[in-house]
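Everything on this sheet refers to the single structure shown next.
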Amino acid sequence: MNKTGRVVVIGGGATGTGILRDLAMRGIDCVLVERGDLATGTSGRFHGLLHSGARYAVSDAHSAAECVEENAVVRSIAPFCVEDTGGLFLAVKGDDDAFVEQWREGCRRAKIAAEEIPLEELRREEPLVTREVARAFRVPDAAVDGFTLAWANAASAKALGAQVKTYTRAVGFSIEENVVRGVRLQDVKTGAEELVECAMVINAAGAWAKEIAALAAQDIPVAPDRGVLLVFNHRLSSRVLNRLRPPSDGDIFVPHGSVTIFGTTSRPARGPDDDEVTSDEVRELLALGGALVPGLEAMRIIRAFAGVRPLFLSAGAGEGREATRGFQVLDHREESGIEGLISVVGGKLTTYRLMAKAAVDAVTRRWGVDVPCTTHQVRMERPFEVEGTAGGALLCECERVTDAFLGEAQRCWRRGSLGDLRRLTRLGMGPCQGSFCTVRAAGYAHESLGVSLDETNALLREHLEERWKGTRPVLWGWQARQAELARGIGLGLLELHRMEGDRP
Amino acid sequence: MKYDEYDVVVIGAGLSGLFAAHACALRRKRAVVLGTGLGTVYSASGIVNILGWYPLDSRNAVQRPLDALESLIREHPGHPYARVGRGKVEEALSLFLAACTEMHLPYGGSLLENTLLPTSIGTLSPVTLYPATAPVDVHGAASLTVVGFHGYPDFVPAYVAGNLERRLGRAVRHVRIDAAAAGKTVNSFDLAAQIERGALAVGIAGQLKGSVEAGGLAIFPAVLGLLRHEEIVRALERELGCRVLEVPTLPPSVAGYRLAESLKKRLAARGVEVITGAPVTSVDVSDGACRAVGVSGASGRLQRYAAPAYVLATGGILGEGLRVEPGGIRETVFALPVSCDDPVCQREFLDLKGHAVFRAGVAVNDRLQPLGGDGKVALRNVYVAGATLAGFDPIAERNGHAVGIVTGYKAGILASGGGD
């Protein structure tokens, strides 16, 4: 039977926005709902690594092969999201030689270009890397910006008529005779509820997929797994650094512009919202990383954060690092007879487009409609243009954001809160962590962008709390001084801690 | 190696170090001040608060700071104010005010009663002493106008006025006027330098005609000139027929610059050398006393400074007198013990209770002598002042300047051989 209808996509990360774009390009009426801002789930809390696939060459050959292809596709459709750093796999003296050969063989089979380089070349190009490296290989890893990627997919979908509703939470389904007919939505800011009718729901909620599926009394085997990451204040290496051994903690460094993201760990999370980081975990991680970059403990850290991986527990597979990093599309009609609901689980950002394709293919198959995926063939645009905005007053010196730039971002993304605009323009995300620029941006937003006094004041306080969350677990050295400066401005100069209900 | 004979070596060129040296100079003692950098006072507001809120998590602003001080001294014997005592607090602050008047840095406000002043986002804050040609009454002014500058994003008049209106319950006007270079972004320092040079195309008073009423109050960011600012503000008040209030800004702080530069000049006039770029990297300690300190010069040579007494005024975490490390907190010159009540910080940054780590510091007795782990005096000829001291949080309490001045004063007197 030929049938199409509206599709509701739940989840605004890379997967959800990728699905929305694919649906829109295939001419399907679609709307995306996300309880927060785009890419504030796992897509905003990961390494930022566009995998060459080499990491999975031995442990997960299927994932490795997927990464090889998709790495090239993402570079071609979203070049502005990718920094072509290249990568290195480094075996340190004492690491298992036999594993190195297994790894090389795995790369060959997966067609990953892994080229051995002489150690003198390594030393010349990466002066901070340990001298204890035994063998070094170049691979085509790259750094990817998850925020911009999600925004670009969403903008591309919107241009084709799709709707994007951020700050909108899915709170239930309307199910009649085992068929999903609609989704009950709640506006997070106002509390207002509405029912959106649809012919299909795609659950792309990542680490929250289980919670969403539960709204339809469905159980999916997703285990949230937490990983801690550290952002260093400078570029420790030119390329992505990977430890050449079975995937373990603290074995990847990814340079992004002027910072480095280092991690990670793998511990069962208490739930998808478990983003707690303790000082102890940080110290353990630093000790592990010191094996590749000596003296890591004394280097400047901007902040620490945790992301939750949505690990898919396929039957018989292991947990934690043993679980597959592949993905699965679950059509609930086959799982338990309920129609109109598809969940896509597991996966990694590098293969987001493939996951999206598989999910949308499942929809078109169900509907007996033959429209192929073309998301790999069409290049995306930057979410908004930055030309002509350099001449305004400079609000953020670290990230070079002018008032005109902020204004342009708001013009293109009207429903965005000031916090969203900050994420979109990167204001306040540099080394000073917004101690200065958030105050300037708040003033500008109130004066020129029509943001209310209350929202402006709330933003300043919220910003400080957000930065503190990342600083608290690493409160020593330079970070402690930065925190004092933030306190000096926020509390000492502006008395932001007294703003709520103050009656001096 | 070079030996210099001084009566007192002051380690640290922040406000507490400079004021300690001032106390030494008043007693005709030869003092030298060794500073690693310029000092955190260049970033600070110039506002001197005894206490704005007491207890710290109270929601009621302190109206009579000396009364609150009495309560604090009774209830917190470990607080630096308790170590100094009310008498010395009043003495030190009066001396500070006298010095400021002589340095053409007039201050408004009174030790007897706090004033509510606007911040650079329009919140109201209780302050004790603030830079002004005369006391300012925000509530009583006939009209209020907030003035900002085009190309200066740190102070946004519409935002300041919005918050002020809500808190004062009355209308507040706002206006932006032109600075010297159209289309360029400037910081507080650039702007202050332009204004001092008279580089504005149309003067400030000229641009404000019609926006400001006689008898009113014009609220500016603190950018009205550098060292000639008293002259500039008085001229403006005359031309506009209204009072002018400067509000402290984001760093670089011109108010801080004025205070630091003026104090240094004054010290130089009294024969006190303030040496910048002179980090103390080694100390010579024996028999419970400091014999000399060593400074690594740019040439790599070690320069030795020796004196019978020393003032340790190296600042807190920001000034790097205290360095937080994963295992604990270190005092960076003498490695004196530093204890912290509670290594775990509150979850909320803005928690009114504050965080114990920012209250950590060197414990002292009532003579400001540092105590060792055993509670006994560790160095009998060293006197500790300012943010290096334990038992207070200069930022959450907003009394960094006041504590720096009063403890610097007492430390300077004691180091000069004076009694309590």
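Within each chain, counting starts at residue 1; across the structure tokens, chains are named A, B, ... in the order shown, with ligands numbered 1 upward in that order.
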Distance filter 6 Å, only C-alpha atoms, chain B against chain A, as a list in words
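That gives the following set of residues: Ala61, Thr119, Gly151, Pro153, Asp154, Val156, Ala158, Tyr159, Thr185, Ile317, Leu318, Val324, Glu325, Pro326, Phe349, Leu350, Ile395 and Arg398 of chain B.
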Mind dumping the selected residues with N, CA, C and O atoms as a PDB file, in the first residue's frame?
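File written: part29.pdb
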ATOM      1  N   ALA B  61      20.964  43.538  53.669  1.00  0.00           N
ATOM      2  CA  ALA B  61      22.220  44.260  53.541  1.00  0.00           C
ATOM      3  C   ALA B  61      22.588  44.913  54.863  1.00  0.00           C
ATOM      4  O   ALA B  61      21.719  45.353  55.617  1.00  0.00           O
ATOM      5  N   THR B 119      25.753  48.618  40.313  1.00  0.00           N
ATOM      6  CA  THR B 119      26.880  47.902  39.720  1.00  0.00           C
ATOM      7  C   THR B 119      26.819  48.140  38.209  1.00  0.00           C
ATOM      8  O   THR B 119      25.900  48.797  37.727  1.00  0.00           O
ATOM      9  N   GLY B 151      30.689  51.691  20.967  1.00  0.00           N
ATOM     10  CA  GLY B 151      31.956  50.991  20.780  1.00  0.00           C
ATOM     11  C   GLY B 151      32.555  50.497  22.089  1.00  0.00           C
ATOM     12  O   GLY B 151      33.659  49.942  22.107  1.00  0.00           O
ATOM     13  N   PRO B 153      31.473  47.898  24.722  1.00  0.00           N
ATOM     14  CA  PRO B 153      30.433  46.911  25.023  1.00  0.00           C
ATOM     15  C   PRO B 153      30.361  46.486  26.487  1.00  0.00           C
ATOM     16  O   PRO B 153      29.444  45.754  26.861  1.00  0.00           O
ATOM     17  N   ASP B 154      31.311  46.915  27.326  1.00  0.00           N
ATOM     18  CA  ASP B 154      31.330  46.440  28.702  1.00  0.00           C
ATOM     19  C   ASP B 154      30.248  47.042  29.579  1.00  0.00           C
ATOM     20  O   ASP B 154      29.954  46.523  30.643  1.00  0.00           O
ATOM     21  N   VAL B 156      26.401  48.595  29.298  1.00  0.00           N
ATOM     22  CA  VAL B 156      25.262  48.794  28.397  1.00  0.00           C
ATOM     23  C   VAL B 156      24.169  49.580  29.120  1.00  0.00           C
ATOM     24  O   VAL B 156      23.477  49.033  29.988  1.00  0.00           O
ATOM     25  N   ALA B 158      21.143  50.598  28.555  1.00  0.00           N
ATOM     26  CA  ALA B 158      19.763  50.104  28.578  1.00  0.00           C
ATOM     27  C   ALA B 158      19.615  48.982  29.604  1.00  0.00           C
ATOM     28  O   ALA B 158      18.610  48.876  30.307  1.00  0.00           O
ATOM     29  N   TYR B 159      20.609  48.131  29.702  1.00  0.00           N
ATOM     30  CA  TYR B 159      20.571  47.020  30.637  1.00  0.00           C
ATOM     31  C   TYR B 159      20.704  47.513  32.082  1.00  0.00           C
ATOM     32  O   TYR B 159      19.953  47.127  32.968  1.00  0.00           O
ATOM     33  N   THR B 185      36.114  49.149  18.607  1.00  0.00           N
ATOM     34  CA  THR B 185      35.796  48.681  19.951  1.00  0.00           C
ATOM     35  C   THR B 185      36.897  49.152  20.883  1.00  0.00           C
ATOM     36  O   THR B 185      38.072  49.036  20.560  1.00  0.00           O
ATOM     37  N   ILE B 317      44.456  33.055  45.858  1.00  0.00           N
ATOM     38  CA  ILE B 317      44.550  32.168  44.697  1.00  0.00           C
ATOM     39  C   ILE B 317      44.779  32.963  43.420  1.00  0.00           C
ATOM     40  O   ILE B 317      45.577  32.586  42.564  1.00  0.00           O
ATOM     41  N   LEU B 318      44.108  34.086  43.283  1.00  0.00           N
ATOM     42  CA  LEU B 318      44.248  34.877  42.067  1.00  0.00           C
ATOM     43  C   LEU B 318      45.631  35.510  41.995  1.00  0.00           C
ATOM     44  O   LEU B 318      46.272  35.538  40.958  1.00  0.00           O
ATOM     45  N   VAL B 324      46.501  26.304  44.468  1.00  0.00           N
ATOM     46  CA  VAL B 324      45.722  25.089  44.708  1.00  0.00           C
ATOM     47  C   VAL B 324      46.308  23.973  43.859  1.00  0.00           C
ATOM     48  O   VAL B 324      46.529  24.149  42.669  1.00  0.00           O
ATOM     49  N   GLU B 325      46.588  22.850  44.486  1.00  0.00           N
ATOM     50  CA  GLU B 325      47.098  21.684  43.750  1.00  0.00           C
ATOM     51  C   GLU B 325      46.157  20.525  43.995  1.00  0.00           C
ATOM     52  O   GLU B 325      45.381  20.579  44.943  1.00  0.00           O
ATOM     53  N   PRO B 326      46.220  19.480  43.161  1.00  0.00           N
ATOM     54  CA  PRO B 326      45.274  18.374  43.359  1.00  0.00           C
ATOM     55  C   PRO B 326      45.319  17.822  44.787  1.00  0.00           C
ATOM     56  O   PRO B 326      44.319  17.410  45.325  1.00  0.00           O
ATOM     57  N   PHE B 349      27.588  27.364  42.177  1.00  0.00           N
ATOM     58  CA  PHE B 349      28.597  28.399  42.185  1.00  0.00           C
ATOM     59  C   PHE B 349      28.147  29.585  43.019  1.00  0.00           C
ATOM     60  O   PHE B 349      28.919  30.161  43.775  1.00  0.00           O
ATOM     61  N   LEU B 350      26.875  29.954  42.839  1.00  0.00           N
ATOM     62  CA  LEU B 350      26.358  31.158  43.459  1.00  0.00           C
ATOM     63  C   LEU B 350      25.814  30.908  44.873  1.00  0.00           C
ATOM     64  O   LEU B 350      25.162  31.763  45.445  1.00  0.00           O
ATOM     65  N   ILE B 395      36.382  37.699  47.983  1.00  0.00           N
ATOM     66  CA  ILE B 395      35.460  37.970  46.888  1.00  0.00           C
ATOM     67  C   ILE B 395      34.010  37.830  47.332  1.00  0.00           C
ATOM     68  O   ILE B 395      33.208  38.735  47.112  1.00  0.00           O
ATOM     69  N   ARG B 398      33.348  40.578  49.571  1.00  0.00           N
ATOM     70  CA  ARG B 398      33.586  41.848  48.872  1.00  0.00           C
ATOM     71  C   ARG B 398      34.370  42.834  49.719  1.00  0.00           C
ATOM     72  O   ARG B 398      34.192  44.050  49.605  1.00  0.00           O
TER      73      ARG B 398
END
List the spatial neighbours of Ser156 of chain A as JSON, numbers by chain - criterion: any atom at most 10 Å away, only C-alpha atoms, same-chain residues fewer than 6 positions off excluded.
{"A": [17, 18, 20, 21, 22, 24, 25, 150, 162, 379, 380, 381, 382, 383]}
Can you tell me how far atom CA of Gln346 of chain B sits from atom CA of Leu427 of chain A, in Å to one decimal?
26.2 Å
Just want the 9 Å neighbourhood of Gln328 of chain A, counted on only C-alpha atoms, with same-chain residues fewer than 2 positions away dropped. Output as number ranges by chain.
A: 312, 314, 326, 330, 343-347, 355, 358-359
Once DSSP has gone over the backbone, tell me which residues of segment 304-430 of chain A are in helix (DSSP H, G or I), as JSON, numbers by chain.
{"A": [320, 321, 322, 332, 333, 334, 335, 336, 349, 350, 351, 352, 353, 354, 355, 356, 357, 358, 359, 360, 361, 362, 363, 364, 365, 366, 367, 403, 404, 405, 406, 407, 408, 409, 410, 411, 412, 418, 419, 420, 421, 422, 423, 424, 425]}
May I have the residues within 10 Å of Ala205 of chain B as a PyMOL selection string, using only C-alpha atoms and disregarding those fewer than 3 positions away in the same chain?
chain B and resi 202+208-212+235-241
Option closest in space to Ala21 of chain B, from B:His150, B:Arg304, B:Lys410, B:His104 [counting only C-alpha atoms]
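Under the stated criterion, the closest residue is B:Lys410.
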Could you give me, as a list in words, the residues within 9 Å of segment 327-343 of chain B, counting only C-alpha atoms and dropping anything in the same chain fewer than 6 positions from it?
Trp476 of chain A; Ile11, Val280, Thr281, Ser282, Val283, Val285, Leu312, Thr314, Gly316, Glu320, Gly321, His355, Ala356, Val357, Phe358, Arg359, Ala360, Gly361, Val362, Ala363, Pro370, Leu371, Gly372, Gly373, Ala378, Thr388 and Ala390 of chain B
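With only C-alpha atoms as the atoms that count, the minimum distance from Leu23 of chain A to the choices A:Val231, A:Leu311, A:Ile302, A:Ala157 is reached by A:Ala157.
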Give the strand (DSSP E or B) residues of segment 33-177 of chain A, as assigned by DSSP on the backbone, as a PyMOL selection string.
chain A and resi 33+49-50+82-83+87-92+115-117+133-139+142-144+163-165+168-176
Which residues are near Thr128 of chain B? Cut-off 12 Å, only C-alpha atoms, ignore same chain within fewer than 4 positions. Put them as number ranges by chain.
B: 46-53, 61-66, 93, 97, 107-117, 135-136, 398-399, 401-402
Using only C-alpha atoms, determine which residues lie at most 9 Å from Val403 of chain B, disregarding the query and same-chain residues fewer than 5 positions distant; provide the list as a ChimeraX atom specification.
/B:16,48-50,80-81,89,385-387,394,408
Just checking: using only C-alpha atoms, which residue out of A:Phe137, A:Trp151, A:Trp103, A:Phe327 ends up closest to Val58 of chain A?
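Selected residue with least distance to Val58 of chain A: A:Trp103.
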Provide the atom CA of Glu211 of chain A to atom CA of Ala192 of chain A distance in Å, to one decimal place.
20.9 Å
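Coordinates place atom CA of Asp351 of chain B at a distance of 27.6 Å from atom CA of Gly191 of chain A.
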Identify which of the residues A:Val144, A:Val401, A:Val139, A:Val73 lies closest to Thr374 of chain A, counting only C-alpha atoms when measuring atom-to-atom distances.
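Checking each of A:Val144, A:Val401, A:Val139, A:Val73 against Thr374 of chain A, counting only C-alpha atoms, the winner is A:Val73.
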With only C-alpha atoms as the atoms that count, which of A:Arg245, A:Leu32, A:Glu116, A:Val82 lies nearest to Ala155 of chain A?
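That would be A:Leu32, the residue with the smallest distance to Ala155 of chain A.
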